[in-house]
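Novice: To start, I am sharing the structure in question, which I have written as structure tokens.
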Amino acid sequence: MHLRARNVRCRIAGSDILSDIDLDLTRGSMVALVGVNGSGKSTLLRTLAGLRAPAEGTVEIDGKDLYSLPLRVRARAIAYVGQEETPPQDLLLGEMVAMGRIPHRPPWSLGEESDRAVTLRALDTVELAHAVDRRCDQLSGGERRRAMLARGLAQESGLLILDEPTNHLDIRHQFHLLDTLRGLGCTVIAAMHDLTSAASYFDRVAVLHDGALDTFADAADALSPDTVKRVFSVPATQLTDPATGRAHLVLGSDSAGTRAHSENHA
């Protein structure tokens, strides 16, 4: 699914949070949204998901104005998983994840057998299929996070919008999730706190700074040492993983990395 935002201005309580945001997400691409705390990442994602209309500008999905589409059509096109969402405690995990199928059901439908298959597949993707009949209030913090991601996957939408998807996940599940997103084939935009993961796993990176889109480019260019230093006030060194060819961002090691490189070639 193709997402396009033009001249978007986000305003909260009469104050501009972001302005002049231009984004173009090609079908099937993965884009990381980064910035310091309070830079407007969550606000922008909610605007792109159709949950908060922009004060100015347009958001289009496959050439159609997002905010002119019926809510059910939006829900089929876009799956959004917020940063602090938690599953209702009184539902079974399978019941909660199956809620992601609601946009695909006829009105008043209780679901079909195919919905259960999709639900189980989504749970299996986040390694929670074994807990399908467990109450949500019995899940750990990391399991709850994975459960909400499973609900988003169960929507089977062409665009997946995630706010800090790796929060509360241990390192293995972080890597598993990012590898899974890469294999989905849908368009993904995710707010990321971890710059190293943003550099390694995403095609492009959008950097928010001072109320605007500072940079939107390929990951290696967007998270250059100069940009990281200017936006995040942290020195950085870019390396290439010889096994995968992926860019790897080492933070806080600018002088150390330069010194080691010089010593190795002395």
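Identifiers in the structure tokens: chain A, B, ... in order shown; residue index from 1 per chain; ligand index from 1 in order shown.
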Using 6 Å as the limit and counting only C-alpha atoms, can you tabulate each residue of range 181-252 of chain A that touches range 17-22 of chain A, with its shortest atom-to-atom distance in Å and the two atoms involved, as a tab-separated table?
Specialist:
residue	atom	partner	partner_atom	distance
A:Gly211	CA	A:Leu18	CA	4.4
A:Ala212	CA	A:Leu18	CA	5.4
A:Leu213	CA	A:Ile21	CA	5.8
Novice: Quick one: residues within 6 Å of Val132 in chain A, only C-alpha atoms counted, chain neighbours fewer than 3 positions away excluded, as a list of chain:residue names?
Specialist: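 Here the answer would be A:Leu93, A:Gly94, A:Ala129.
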Novice: Keeping only C-alpha atoms, take the residues you just selected and write them out as a PDB file, in the first residue's frame.
Specialist:
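And here is the file that came out, part.pdb:
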ATOM      1  CA  LEU A  93      -5.829 -13.974  24.163  1.00  0.00           C
ATOM      2  CA  GLY A  94      -7.406 -15.572  21.086  1.00  0.00           C
ATOM      3  CA  ALA A 129       0.058 -19.548  19.703  1.00  0.00           C
TER       4      ALA A 129
END
Novice: Could you check which of A:Ala13, A:Ala199, A:Leu239, A:Leu153 is closest to Ala222 in chain A, using only C-alpha atoms?
Specialist: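 Looking only at the distances to Ala222 in chain A, the closest residue turns out to be A:Ala199.
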Novice: Could you pull out the alpha helix (DSSP H) residues of range 38-250 of chain A from DSSP and send them as a PyMOL selection string?
Specialist: chain A and resi 41-48+71-77+93-98+113-125+141-154+171-184+195-201+219-222+225-232
Novice: Find, counting only C-alpha atoms, the residue in A:Leu45, A:Leu208, A:Val81, A:Val8 that gets nearest to Arg151 in chain A.
Specialist: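 That would be A:Val81, the residue with the smallest distance to Arg151 in chain A.
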Novice: With DSSP run on the backbone, what are the strand (DSSP E) residues within range 67-251 of chain A? I'd like them as a ChimeraX atom specification.
Specialist: /A:78-81,159-163,187-191,204-209,212-218,236-240,247-251
Novice: For the selection you just gave me, I'd like the residues written to a file as a short mmCIF file (atom, residue, chain, number, x, y, z; two decimals), in the first residue's frame, keeping N, CA and C atoms.
Specialist:
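Result file is again-v3.cif:
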data_model
loop_
_atom_site.label_atom_id
_atom_site.label_comp_id
_atom_site.auth_asym_id
_atom_site.auth_seq_id
_atom_site.Cartn_x
_atom_site.Cartn_y
_atom_site.Cartn_z
N ILE A 78 -5.41 -0.02 7.07
CA ILE A 78 -4.36 0.36 8.02
C ILE A 78 -4.55 -0.37 9.34
N ALA A 79 -3.49 -0.99 9.82
CA ALA A 79 -3.46 -1.54 11.18
C ALA A 79 -2.53 -0.67 12.01
N TYR A 80 -3.04 -0.18 13.13
CA TYR A 80 -2.26 0.70 14.01
C TYR A 80 -2.12 0.07 15.38
N VAL A 81 -0.89 0.02 15.89
CA VAL A 81 -0.64 -0.48 17.23
C VAL A 81 0.07 0.61 18.01
N LEU A 159 -1.04 -1.61 5.19
CA LEU A 159 -0.16 -0.65 5.86
C LEU A 159 -0.18 -0.93 7.35
N LEU A 160 0.98 -1.12 7.93
CA LEU A 160 1.12 -1.40 9.36
C LEU A 160 1.84 -0.23 10.00
N ILE A 161 1.18 0.42 10.98
CA ILE A 161 1.74 1.58 11.67
C ILE A 161 1.96 1.20 13.13
N LEU A 162 3.21 1.28 13.56
CA LEU A 162 3.59 0.79 14.89
C LEU A 162 4.30 1.89 15.68
N ASP A 163 3.89 2.07 16.91
CA ASP A 163 4.52 3.06 17.78
C ASP A 163 5.37 2.32 18.81
N THR A 187 3.50 -2.50 3.68
CA THR A 187 4.20 -1.26 3.99
C THR A 187 4.19 -1.06 5.50
N VAL A 188 5.35 -0.72 6.05
CA VAL A 188 5.49 -0.57 7.50
C VAL A 188 6.11 0.79 7.81
N ILE A 189 5.52 1.51 8.76
CA ILE A 189 6.18 2.68 9.34
C ILE A 189 6.11 2.53 10.84
N ALA A 190 7.25 2.65 11.49
CA ALA A 190 7.33 2.39 12.93
C ALA A 190 8.17 3.45 13.61
N ALA A 191 7.66 4.01 14.70
CA ALA A 191 8.47 4.87 15.55
C ALA A 191 9.44 3.99 16.31
N ARG A 204 14.27 2.99 4.90
CA ARG A 204 14.44 4.44 4.98
C ARG A 204 14.15 4.89 6.41
N VAL A 205 14.67 6.05 6.76
CA VAL A 205 14.48 6.61 8.09
C VAL A 205 14.04 8.06 7.96
N ALA A 206 12.97 8.41 8.69
CA ALA A 206 12.49 9.78 8.77
C ALA A 206 12.88 10.34 10.14
N VAL A 207 13.60 11.44 10.14
CA VAL A 207 14.11 12.03 11.38
C VAL A 207 13.33 13.32 11.67
N LEU A 208 12.64 13.34 12.82
CA LEU A 208 11.93 14.54 13.26
C LEU A 208 12.82 15.36 14.17
N HIS A 209 12.80 16.68 13.95
CA HIS A 209 13.66 17.57 14.76
C HIS A 209 13.13 18.99 14.68
N ALA A 212 9.83 19.66 12.67
CA ALA A 212 9.81 19.46 11.22
C ALA A 212 10.45 18.12 10.87
N LEU A 213 10.31 17.74 9.61
CA LEU A 213 10.98 16.55 9.10
C LEU A 213 12.39 16.96 8.68
N ASP A 214 13.35 16.63 9.53
CA ASP A 214 14.73 17.05 9.30
C ASP A 214 15.35 16.31 8.12
N THR A 215 15.13 15.00 8.07
CA THR A 215 15.74 14.14 7.05
C THR A 215 14.81 12.99 6.74
N PHE A 216 14.70 12.63 5.48
CA PHE A 216 13.98 11.43 5.06
C PHE A 216 14.78 10.82 3.93
N ALA A 217 15.49 9.74 4.23
CA ALA A 217 16.42 9.18 3.25
C ALA A 217 16.69 7.72 3.58
N ASP A 218 17.51 7.08 2.73
CA ASP A 218 17.96 5.73 3.04
C ASP A 218 18.59 5.73 4.43
N ALA A 236 28.41 9.16 16.92
CA ALA A 236 28.07 7.87 16.31
C ALA A 236 29.08 7.50 15.24
N THR A 237 29.21 6.20 15.03
CA THR A 237 30.06 5.67 13.96
C THR A 237 29.25 4.66 13.18
N GLN A 238 29.32 4.71 11.86
CA GLN A 238 28.63 3.74 11.02
C GLN A 238 29.59 2.64 10.60
N LEU A 239 29.14 1.39 10.80
CA LEU A 239 29.91 0.23 10.37
C LEU A 239 29.01 -0.63 9.48
N THR A 240 29.62 -1.54 8.74
CA THR A 240 28.87 -2.48 7.91
C THR A 240 29.10 -3.89 8.42
N ALA A 247 23.82 -1.92 7.50
CA ALA A 247 24.47 -0.83 8.22
C ALA A 247 24.31 -1.07 9.71
N HIS A 248 25.34 -0.73 10.47
CA HIS A 248 25.29 -0.87 11.91
C HIS A 248 25.76 0.44 12.53
N LEU A 249 24.96 0.98 13.41
CA LEU A 249 25.26 2.27 14.03
C LEU A 249 25.77 2.03 15.44
N VAL A 250 26.98 2.50 15.70
CA VAL A 250 27.58 2.39 17.03
C VAL A 250 27.50 3.78 17.67
N LEU A 251 26.80 3.88 18.78
CA LEU A 251 26.57 5.18 19.42
C LEU A 251 27.58 5.44 20.51
#
Novice: Give me the residues within 10 Å of Cys10 in chain A as a list in words, counting only C-alpha atoms and dropping any in the same chain fewer than 4 places off.
Specialist: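 That gives Gly14, Ser15, Asp16, Ile17, Leu18, Ser19, Asp20, Ile21, Gly40, Thr43, Leu44, Arg46, Thr47, Arg52, Ala53, Pro54, Ala55, Glu56, Gly57 and Gly211 of chain A.
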Novice: Kindly export the residues of the current selection with C-alpha atoms, as a short mmCIF file (atom, residue, chain, number, x, y, z; two decimals), in the first residue's frame.
Specialist:
data_model
loop_
_atom_site.label_atom_id
_atom_site.label_comp_id
_atom_site.auth_asym_id
_atom_site.auth_seq_id
_atom_site.Cartn_x
_atom_site.Cartn_y
_atom_site.Cartn_z
CA GLY A 14 -3.80 25.16 19.53
CA SER A 15 -0.04 24.62 19.37
CA ASP A 16 1.81 23.35 16.31
CA ILE A 17 3.68 20.13 17.01
CA LEU A 18 4.86 19.46 13.45
CA SER A 19 4.59 21.36 10.19
CA ASP A 20 5.34 20.91 6.49
CA ILE A 21 5.66 17.12 6.74
CA GLY A 40 6.02 14.40 17.65
CA THR A 43 1.29 12.43 16.99
CA LEU A 44 2.42 11.98 13.40
CA ARG A 46 -1.81 8.84 14.71
CA THR A 47 -2.31 11.35 11.89
CA ARG A 52 -6.09 12.57 14.35
CA ALA A 53 -6.87 14.77 11.37
CA PRO A 54 -4.10 17.16 10.34
CA ALA A 55 -4.61 20.86 10.88
CA GLU A 56 -3.38 21.32 7.31
CA GLY A 57 -2.25 19.11 4.46
CA GLY A 211 8.96 20.54 14.74
#
Novice: Do you have the CA of Thr58 in chain A-CA of Ala220 in chain A distance handy?
Specialist: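 For CA of Thr58 in chain A relative to CA of Ala220 in chain A, the distance reads 28.3 Å.
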